[in-house]
Every structure is written in C-alpha cells, then in structure tokens.
Amino acid sequence: MAEKRDYYDVLGIQKGASEDEIKKAYRKLARENHPDLHPDKVEECEEKMKEINEAYSVLSDPEKRQHYDQFGHASMDGDGFGGFSGFTGSYSGDMGDIFDSFFGNIFGGGVRANTANAPRKGRDINTSVSISFMEACTGKSQEITITHQEKCTACGGTGAEPGTSTEVCPDCHGRGNVKTTQQTPFGAISSTRPCPHCSGKGTVIKTPCQKCRGVGRAKVSKRVNLNIPAGIDDGLVLRVTGEGDCGINGGPAGNLNVSVGVRPHPIFSREGYDVHCEIPITYAQAVLGDEITVPTIDGNVKFTIPEGTQNGAKHRLKGKGIKYLQQDKRGDQYVKLYIEVPKNLSKKQKDLLREFDNSLTEKHYVKRKTFFDKIKDLLQG
C-alpha cells in the first residue's frame, strides 16, 4: 500500500495555517478536482478527492489536528480517523448536494445536467499573412488558404457510417450518466458522473463513418477572402467570424484569427499613424535653399528647402501620413533633411572651398558664435 502523503502537503498549506486558510485551500482543491468537472479523468479525480477530504476532515478539527501534529498518521486508524467520532452513516445522491451544503451552491446545486450533448462552440484557429508597407497603408483584399474542421459530409456529423445510426448505450441505458459509490470521511457517498462508455452522450456508434472515423467532423482546406483595412499595423490580428472549426452538437463555429505582419519599407518608417523619411541634400542646397521632390505614400510632392537649412532639420507634411483605422483621419509625414558632406574633392575644388570659407565671418555662423561666447564667459568666470 502506498505511503500516505502529509495532510498539509495534500492541501498545499503550512503547518501553522489558520482555520480560514485550511478552509480556503480545501474549497479551491475541491473545485479543481471535482469529478463532475473532469469527465475524462473521473477515477483520478475521485482518488484525489478521497485524499483531499481525508486531509481536510483531520486538519479542520482542532482535536484531530492536535493528535496528527503530535503523532502523524500513526494516530489514525486504517481509515485515517482512529480514536475520533467522525462522520458516519451513508449519503445517497449527487456529490454536488453535499458540496453545496458547505460551499453555498459553488457547483450550481442539485444534480447537474449532463453537458455531453450540449451545443459547444468550435475551436478558434490561427494563421498569419505578410503584406508590404504600402499595402498596410492602402489596405487590400487577399485570399488565403486555411484548414479547419467542418461537419462530415458523408455522415452529416453523426459519426455513424451512412445507412446506420447510433444506438442506446448499454451501460447507462441512454441516460448519459451512471452512479458510483465511494467511501469518504463523511461516509458512503453516491455520486453521479458521465458514463465512461459513451462519454455522457447516452448513445454509442457501432459502425463509425469511414470518412471521419466516427468523429462527425473532418479537416477541410478552404479559400477565405480576407479584407485588410487601410492603416493596419504590424502585429495586429484580424478576426473572421465563423471561419474556425465547426461547432459541436449544433453549436456555432469558432473564429479565424489572422495575425498581420508588415514588411519594412526601404524609405519610409512608421510611428503610430505618422510616416517618417530621411532625405539627403547637398551643402549648397542647405545654404541656398532649393525645390526638391519628396516621396509620400500617395506619390511624389514638391517641397521647398528653406535657405540656411541646418543638418537634421525636420519638416512636417500635414495629412500625408497613414489613415486611421475605421476613421476619416490621417497622420502626418515628417521629412528629415541631412546634409551629405562631399568626398573625393579635386585640388581645385578644395582651393575654391577654402577661398569660400575664408570669406565667411562669425556673422554667418550664429550657433558657432554663440558657442564660443559661452566658452569665453566660462573662462572669464
């Protein structure tokens, strides 16, 4: 026989836990491990509940707890309650009734209806698409291929081979649930749980459909038209209602969730709904000013470089950014101008540049003059 676990470990609490902490731990574990909530793991849950109930019945009783803290499991008899007047007798009915008496209808009260035949929504499916920066700005309609589960066309979703039908479960006689009796600290308790033979459906399939192997659903590839709105950003998810897996027992289909990836652009970058780009200009254009062509997401526009433009100057093109999602509003475009310093000058070009530079005075360099004035003030100070 396996060695019993420490009751405190069973409930996941410390040895000095208060009565309130013990009760909270018990309620939490009872909710998580109740057999009715895990029809596919009924036996495992029943064993866990026996252990949980046993631990709680001892630790929730001050006298039993004191004996246990002093002598451990040695103070218990074969049932774990030697020397104590625990709950005796029997209880017939659903486990939920006795749980409701303690937890105030935590599990809904009474005999819970079998949910095996209740309509259930189909599973959502996920996929992704990749689009260009410009497609994200303008929006597009695109067909994508998905694979999801649809109702089997051969059996109509029954799971039975065409020409045959489901039969009443011989174990539960169509009820969908069976009663079991177990010994607990409260006595013998009879509980109702889904029939393991038919999984709570009340019917069984003698001759499964060859196409879907009795599942009632089959994987199908399908083309879906995806409308990508203008202004969508990288990483956003579009939901297409009803294009997930088909529902079960007449439930609605799940949804298709499409994650949109936006490829980077060689010129433009994005911040929110604003577009940014950098444009190189010559030294002469910066000094004298000029009219240049600037690319935008709507096409090229004319832009005038102001005379005396400084390196890194940023200018706004209002309304030339990206359209807001579901709004008649647009961001702006910001153009950053940087002066490209010429390289590989000839001797003549260098001489001309020196001659030009020597012709300039401090009045031509406002920032330079201000900077050196500050240094002078610091030295004098």
# chains A, B, ... in the order shown; residues from 1 in each chain; ligands from 1
>>> select_by_dssp(residues="region 194-371 of chain A", states="alpha helix (DSSP H)", output="JSON list (two decimals) with C-alpha atoms, in the first residue's frame")
[["chain", "number", "residue", "atom", "x", "y", "z"],
["A", 283, "TYR", "CA", 25.71, 71.67, -48.84],
["A", 284, "ALA", "CA", 24.73, 74.17, -51.49],
["A", 285, "GLN", "CA", 21.04, 73.22, -51.25],
["A", 286, "ALA", "CA", 21.18, 73.68, -47.49],
["A", 287, "VAL", "CA", 22.83, 77.10, -47.81],
["A", 288, "LEU", "CA", 20.94, 78.49, -50.77],
["A", 347, "LYS", "CA", 42.62, 70.23, -55.61],
["A", 348, "LYS", "CA", 40.75, 72.96, -57.42],
["A", 349, "GLN", "CA", 37.53, 72.20, -55.56],
["A", 350, "LYS", "CA", 39.37, 72.23, -52.24],
["A", 351, "ASP", "CA", 41.03, 75.57, -53.06],
["A", 352, "LEU", "CA", 37.66, 77.05, -54.01],
["A", 353, "LEU", "CA", 36.12, 75.75, -50.79],
["A", 354, "ARG", "CA", 38.95, 77.26, -48.70],
["A", 355, "GLU", "CA", 38.56, 80.56, -50.51],
["A", 356, "PHE", "CA", 34.82, 80.48, -49.82],
["A", 357, "ASP", "CA", 35.33, 79.54, -46.18],
["A", 358, "ASN", "CA", 37.85, 82.33, -45.66],
["A", 366, "VAL", "CA", 25.13, 82.08, -35.39],
["A", 367, "LYS", "CA", 25.45, 78.85, -33.42],
["A", 368, "ARG", "CA", 29.24, 78.82, -33.68],
["A", 369, "LYS", "CA", 29.45, 82.40, -32.38],
["A", 370, "THR", "CA", 27.07, 81.64, -29.51],
["A", 371, "PHE", "CA", 29.05, 78.53, -28.56]]
>>> closest_atom_pairs(of="region 261-284 of chain A", to="region 216-230 of chain A", cutoff="12 Å", atoms="only C-alpha atoms", output="JSON lines")
{"residue": "A:Gly261", "atom": "CA", "partner": "A:Ile228", "partner_atom": "CA", "distance": 11.4}
{"residue": "A:Val262", "atom": "CA", "partner": "A:Ile228", "partner_atom": "CA", "distance": 11.6}
{"residue": "A:Tyr273", "atom": "CA", "partner": "A:Ala230", "partner_atom": "CA", "distance": 10.9}
>>> write_last_selection(atoms="N, CA and C atoms", output="tab-separated table (two decimals), in the first residue's frame")
chain	number	residue	atom	x	y	z
A	261	GLY	N	1.52	40.57	-40.55
A	261	GLY	CA	2.90	41.04	-40.49
A	261	GLY	C	3.18	42.02	-41.62
A	262	VAL	N	3.78	43.15	-41.32
A	262	VAL	CA	4.06	44.19	-42.32
A	262	VAL	C	5.56	44.24	-42.59
A	273	TYR	N	0.47	56.56	-36.63
A	273	TYR	CA	-0.08	56.81	-37.97
A	273	TYR	C	0.75	57.83	-38.74
>>> select_by_dssp(residues="region 150-267 of chain A", states="strand (DSSP E)", output="ChimeraX atom specification")
/A:150-151,167-168,177-184,187-194,203-204,217-228,237-240,256-262
>>> write_last_selection(atoms="N, CA and C atoms", output="compact mmCIF listing (two decimals), in the first residue's frame")
# COMPACT_ATOMS: atom_id res chain seq x y z
N GLU A 150 -14.87 20.87 -40.58
CA GLU A 150 -16.25 21.07 -40.97
C GLU A 150 -17.04 19.80 -40.69
N LYS A 151 -18.35 19.95 -40.62
CA LYS A 151 -19.20 18.79 -40.41
C LYS A 151 -18.98 17.79 -41.54
N GLU A 167 -26.72 3.92 -31.44
CA GLU A 167 -27.53 3.03 -30.61
C GLU A 167 -27.47 3.48 -29.16
N VAL A 168 -28.49 3.08 -28.42
CA VAL A 168 -28.55 3.43 -27.00
C VAL A 168 -27.40 2.75 -26.26
N ASN A 177 -25.37 9.15 -17.85
CA ASN A 177 -24.58 9.17 -16.62
C ASN A 177 -24.84 7.90 -15.82
N VAL A 178 -23.90 7.63 -14.93
CA VAL A 178 -24.00 6.46 -14.07
C VAL A 178 -23.71 6.89 -12.65
N LYS A 179 -24.19 6.08 -11.69
CA LYS A 179 -23.95 6.39 -10.28
C LYS A 179 -22.85 5.49 -9.74
N THR A 180 -22.00 6.08 -8.94
CA THR A 180 -20.95 5.33 -8.26
C THR A 180 -20.98 5.66 -6.78
N THR A 181 -20.52 4.73 -5.97
CA THR A 181 -20.49 4.93 -4.52
C THR A 181 -19.05 4.86 -4.05
N GLN A 182 -18.68 5.81 -3.20
CA GLN A 182 -17.32 5.82 -2.67
C GLN A 182 -17.34 6.13 -1.19
N GLN A 183 -16.33 5.61 -0.50
CA GLN A 183 -16.21 5.86 0.93
C GLN A 183 -15.41 7.15 1.14
N THR A 184 -15.95 8.05 1.93
CA THR A 184 -15.30 9.32 2.21
C THR A 184 -15.32 9.57 3.71
N GLY A 187 -18.70 9.42 5.11
CA GLY A 187 -19.48 8.19 4.96
C GLY A 187 -19.51 7.75 3.52
N ALA A 188 -20.44 6.85 3.20
CA ALA A 188 -20.59 6.37 1.84
C ALA A 188 -21.38 7.38 1.03
N ILE A 189 -20.79 7.86 -0.05
CA ILE A 189 -21.44 8.88 -0.87
C ILE A 189 -21.63 8.35 -2.28
N SER A 190 -22.85 8.45 -2.75
CA SER A 190 -23.15 8.06 -4.11
C SER A 190 -23.13 9.30 -4.98
N SER A 191 -22.36 9.26 -6.04
CA SER A 191 -22.26 10.42 -6.94
C SER A 191 -22.62 10.01 -8.36
N THR A 192 -23.11 10.97 -9.09
CA THR A 192 -23.47 10.76 -10.49
C THR A 192 -22.40 11.36 -11.36
N ARG A 193 -21.95 10.61 -12.32
CA ARG A 193 -20.92 11.10 -13.24
C ARG A 193 -21.23 10.64 -14.66
N PRO A 194 -20.64 11.30 -15.65
CA PRO A 194 -20.89 10.91 -17.04
C PRO A 194 -20.48 9.46 -17.29
N THR A 203 -25.55 7.55 -26.20
CA THR A 203 -25.57 6.72 -27.41
C THR A 203 -24.15 6.32 -27.78
N VAL A 204 -24.06 5.22 -28.49
CA VAL A 204 -22.76 4.76 -28.97
C VAL A 204 -22.86 4.47 -30.46
N ARG A 217 -16.68 15.09 -37.76
CA ARG A 217 -16.07 16.27 -38.37
C ARG A 217 -14.84 15.83 -39.15
N ALA A 218 -14.48 16.61 -40.15
CA ALA A 218 -13.32 16.27 -40.96
C ALA A 218 -12.56 17.55 -41.32
N LYS A 219 -11.23 17.44 -41.47
CA LYS A 219 -10.42 18.59 -41.85
C LYS A 219 -10.60 18.90 -43.33
N VAL A 220 -10.80 20.18 -43.62
CA VAL A 220 -11.05 20.63 -44.99
C VAL A 220 -10.22 21.87 -45.27
N SER A 221 -9.60 21.94 -46.43
CA SER A 221 -8.88 23.15 -46.88
C SER A 221 -9.88 24.05 -47.58
N LYS A 222 -9.75 25.33 -47.33
CA LYS A 222 -10.72 26.29 -47.86
C LYS A 222 -10.05 27.62 -48.17
N ARG A 223 -10.53 28.28 -49.21
CA ARG A 223 -10.07 29.62 -49.56
C ARG A 223 -10.99 30.64 -48.91
N VAL A 224 -10.39 31.58 -48.17
CA VAL A 224 -11.16 32.60 -47.47
C VAL A 224 -10.70 33.97 -47.94
N ASN A 225 -11.64 34.85 -48.23
CA ASN A 225 -11.31 36.21 -48.64
C ASN A 225 -11.11 37.08 -47.40
N LEU A 226 -9.92 37.66 -47.31
CA LEU A 226 -9.56 38.48 -46.14
C LEU A 226 -9.49 39.94 -46.54
N ASN A 227 -10.28 40.76 -45.89
CA ASN A 227 -10.27 42.21 -46.16
C ASN A 227 -9.36 42.89 -45.15
N ILE A 228 -8.21 43.35 -45.63
CA ILE A 228 -7.24 44.02 -44.76
C ILE A 228 -7.48 45.52 -44.85
N VAL A 237 -4.22 41.71 -35.20
CA VAL A 237 -4.92 40.47 -35.54
C VAL A 237 -6.31 40.79 -36.07
N LEU A 238 -6.63 40.23 -37.23
CA LEU A 238 -7.96 40.37 -37.81
C LEU A 238 -8.77 39.13 -37.47
N ARG A 239 -10.01 39.33 -37.08
CA ARG A 239 -10.89 38.20 -36.76
C ARG A 239 -11.94 38.03 -37.84
N VAL A 240 -12.02 36.82 -38.36
CA VAL A 240 -13.05 36.48 -39.35
C VAL A 240 -14.03 35.56 -38.64
N LEU A 256 -11.72 32.64 -37.10
CA LEU A 256 -10.39 32.62 -37.71
C LEU A 256 -9.66 33.88 -37.29
N ASN A 257 -8.52 33.73 -36.65
CA ASN A 257 -7.71 34.87 -36.21
C ASN A 257 -6.46 34.96 -37.08
N VAL A 258 -6.32 36.07 -37.77
CA VAL A 258 -5.21 36.25 -38.72
C VAL A 258 -4.28 37.34 -38.21
N SER A 259 -3.05 36.96 -37.89
CA SER A 259 -2.03 37.93 -37.46
C SER A 259 -1.37 38.51 -38.70
N VAL A 260 -1.35 39.84 -38.78
CA VAL A 260 -0.82 40.53 -39.96
C VAL A 260 0.61 41.00 -39.70
N GLY A 261 1.52 40.57 -40.55
CA GLY A 261 2.90 41.04 -40.49
C GLY A 261 3.18 42.02 -41.62
N VAL A 262 3.78 43.15 -41.32
CA VAL A 262 4.06 44.19 -42.32
C VAL A 262 5.56 44.24 -42.59
>>> atom_distance(atom1="CA of Thr207 (chain A)", atom2="CA of Glu161 (chain A)")
5.8 Å
>>> residues_around(residues="Val10 (chain A)", least_positions_apart="6", cutoff="10 Å", atoms="only C-alpha atoms", output="NGL selection string")
:A and (4 or 25-26 or 29 or 48 or 51-56)
>>> write_last_selection(atoms="N, CA and C atoms", output="PDB file, in the first residue's frame")
ATOM      1  N   LYS A   4       1.011   7.235   2.843  1.00  0.00           N
ATOM      2  CA  LYS A   4       0.149   8.415   2.800  1.00  0.00           C
ATOM      3  C   LYS A   4       0.979   9.692   2.790  1.00  0.00           C
ATOM      4  N   ALA A  25      -8.124  26.564   1.219  1.00  0.00           N
ATOM      5  CA  ALA A  25      -7.348  25.601   0.439  1.00  0.00           C
ATOM      6  C   ALA A  25      -8.210  24.420   0.034  1.00  0.00           C
ATOM      7  N   TYR A  26      -9.046  23.954   0.968  1.00  0.00           N
ATOM      8  CA  TYR A  26      -9.927  22.819   0.685  1.00  0.00           C
ATOM      9  C   TYR A  26     -10.927  23.159  -0.416  1.00  0.00           C
ATOM     10  N   LEU A  29      -9.200  23.279  -3.861  1.00  0.00           N
ATOM     11  CA  LEU A  29      -8.871  21.956  -4.399  1.00  0.00           C
ATOM     12  C   LEU A  29     -10.128  21.181  -4.764  1.00  0.00           C
ATOM     13  N   LYS A  48      -8.172  11.660  -5.885  1.00  0.00           N
ATOM     14  CA  LYS A  48      -7.679  12.910  -5.323  1.00  0.00           C
ATOM     15  C   LYS A  48      -8.649  13.460  -4.288  1.00  0.00           C
ATOM     16  N   GLU A  51      -8.360  11.750  -0.967  1.00  0.00           N
ATOM     17  CA  GLU A  51      -7.196  12.224  -0.233  1.00  0.00           C
ATOM     18  C   GLU A  51      -7.444  13.616   0.342  1.00  0.00           C
ATOM     19  N   ILE A  52      -8.044  14.487  -0.450  1.00  0.00           N
ATOM     20  CA  ILE A  52      -8.324  15.868  -0.024  1.00  0.00           C
ATOM     21  C   ILE A  52      -9.329  15.876   1.120  1.00  0.00           C
ATOM     22  N   ASN A  53     -10.391  15.087   0.997  1.00  0.00           N
ATOM     23  CA  ASN A  53     -11.411  15.021   2.047  1.00  0.00           C
ATOM     24  C   ASN A  53     -10.831  14.493   3.356  1.00  0.00           C
ATOM     25  N   GLU A  54      -9.990  13.481   3.232  1.00  0.00           N
ATOM     26  CA  GLU A  54      -9.380  12.898   4.427  1.00  0.00           C
ATOM     27  C   GLU A  54      -8.507  13.917   5.144  1.00  0.00           C
ATOM     28  N   ALA A  55      -7.687  14.645   4.362  1.00  0.00           N
ATOM     29  CA  ALA A  55      -6.807  15.655   4.957  1.00  0.00           C
ATOM     30  C   ALA A  55      -7.615  16.764   5.613  1.00  0.00           C
ATOM     31  N   TYR A  56      -8.678  17.189   4.949  1.00  0.00           N
ATOM     32  CA  TYR A  56      -9.483  18.294   5.475  1.00  0.00           C
ATOM     33  C   TYR A  56     -10.234  17.887   6.742  1.00  0.00           C
TER      34      TYR A  56
END
>>> closest_residue(among="A:Met134, A:Ala313, A:Cys195, A:Cys169", to="Glu43 (chain A)", atoms="only C-alpha atoms")
A:Cys195
>>> residues_around(residues="Val341 (chain A)", least_positions_apart="4", cutoff="10 Å", atoms="only C-alpha atoms", output="PyMOL selection string")
chain A and resi 280-283
>>> closest_residue(among="A:Glu47, A:Asp373, A:Ser130, A:Tyr7", to="Gln142 (chain A)", atoms="only C-alpha atoms")
A:Ser130
>>> residues_around(residues="Gly319 (chain A)", least_positions_apart="3", cutoff="8 Å", atoms="only C-alpha atoms", output="CSV table (one decimal) with N, CA and C atoms, in the first residue's frame")
chain,number,residue,atom,x,y,z
A,330,ARG,N,-6.1,61.2,-41.0
A,330,ARG,CA,-4.8,60.7,-41.3
A,330,ARG,C,-3.7,61.3,-40.5
A,331,GLY,N,-2.6,60.6,-40.4
A,331,GLY,CA,-1.4,61.1,-39.7
A,331,GLY,C,-0.7,62.1,-40.6
A,332,ASP,N,0.5,62.4,-40.2
A,332,ASP,CA,1.4,63.3,-41.0
A,332,ASP,C,2.6,62.6,-41.4
A,333,GLN,N,3.3,63.3,-42.4
A,333,GLN,CA,4.6,62.7,-42.8
A,333,GLN,C,5.7,63.7,-42.3
>>> atom_distance(atom1="CA of Ile131 (chain A)", atom2="CA of Leu337 (chain A)")
28.7 Å
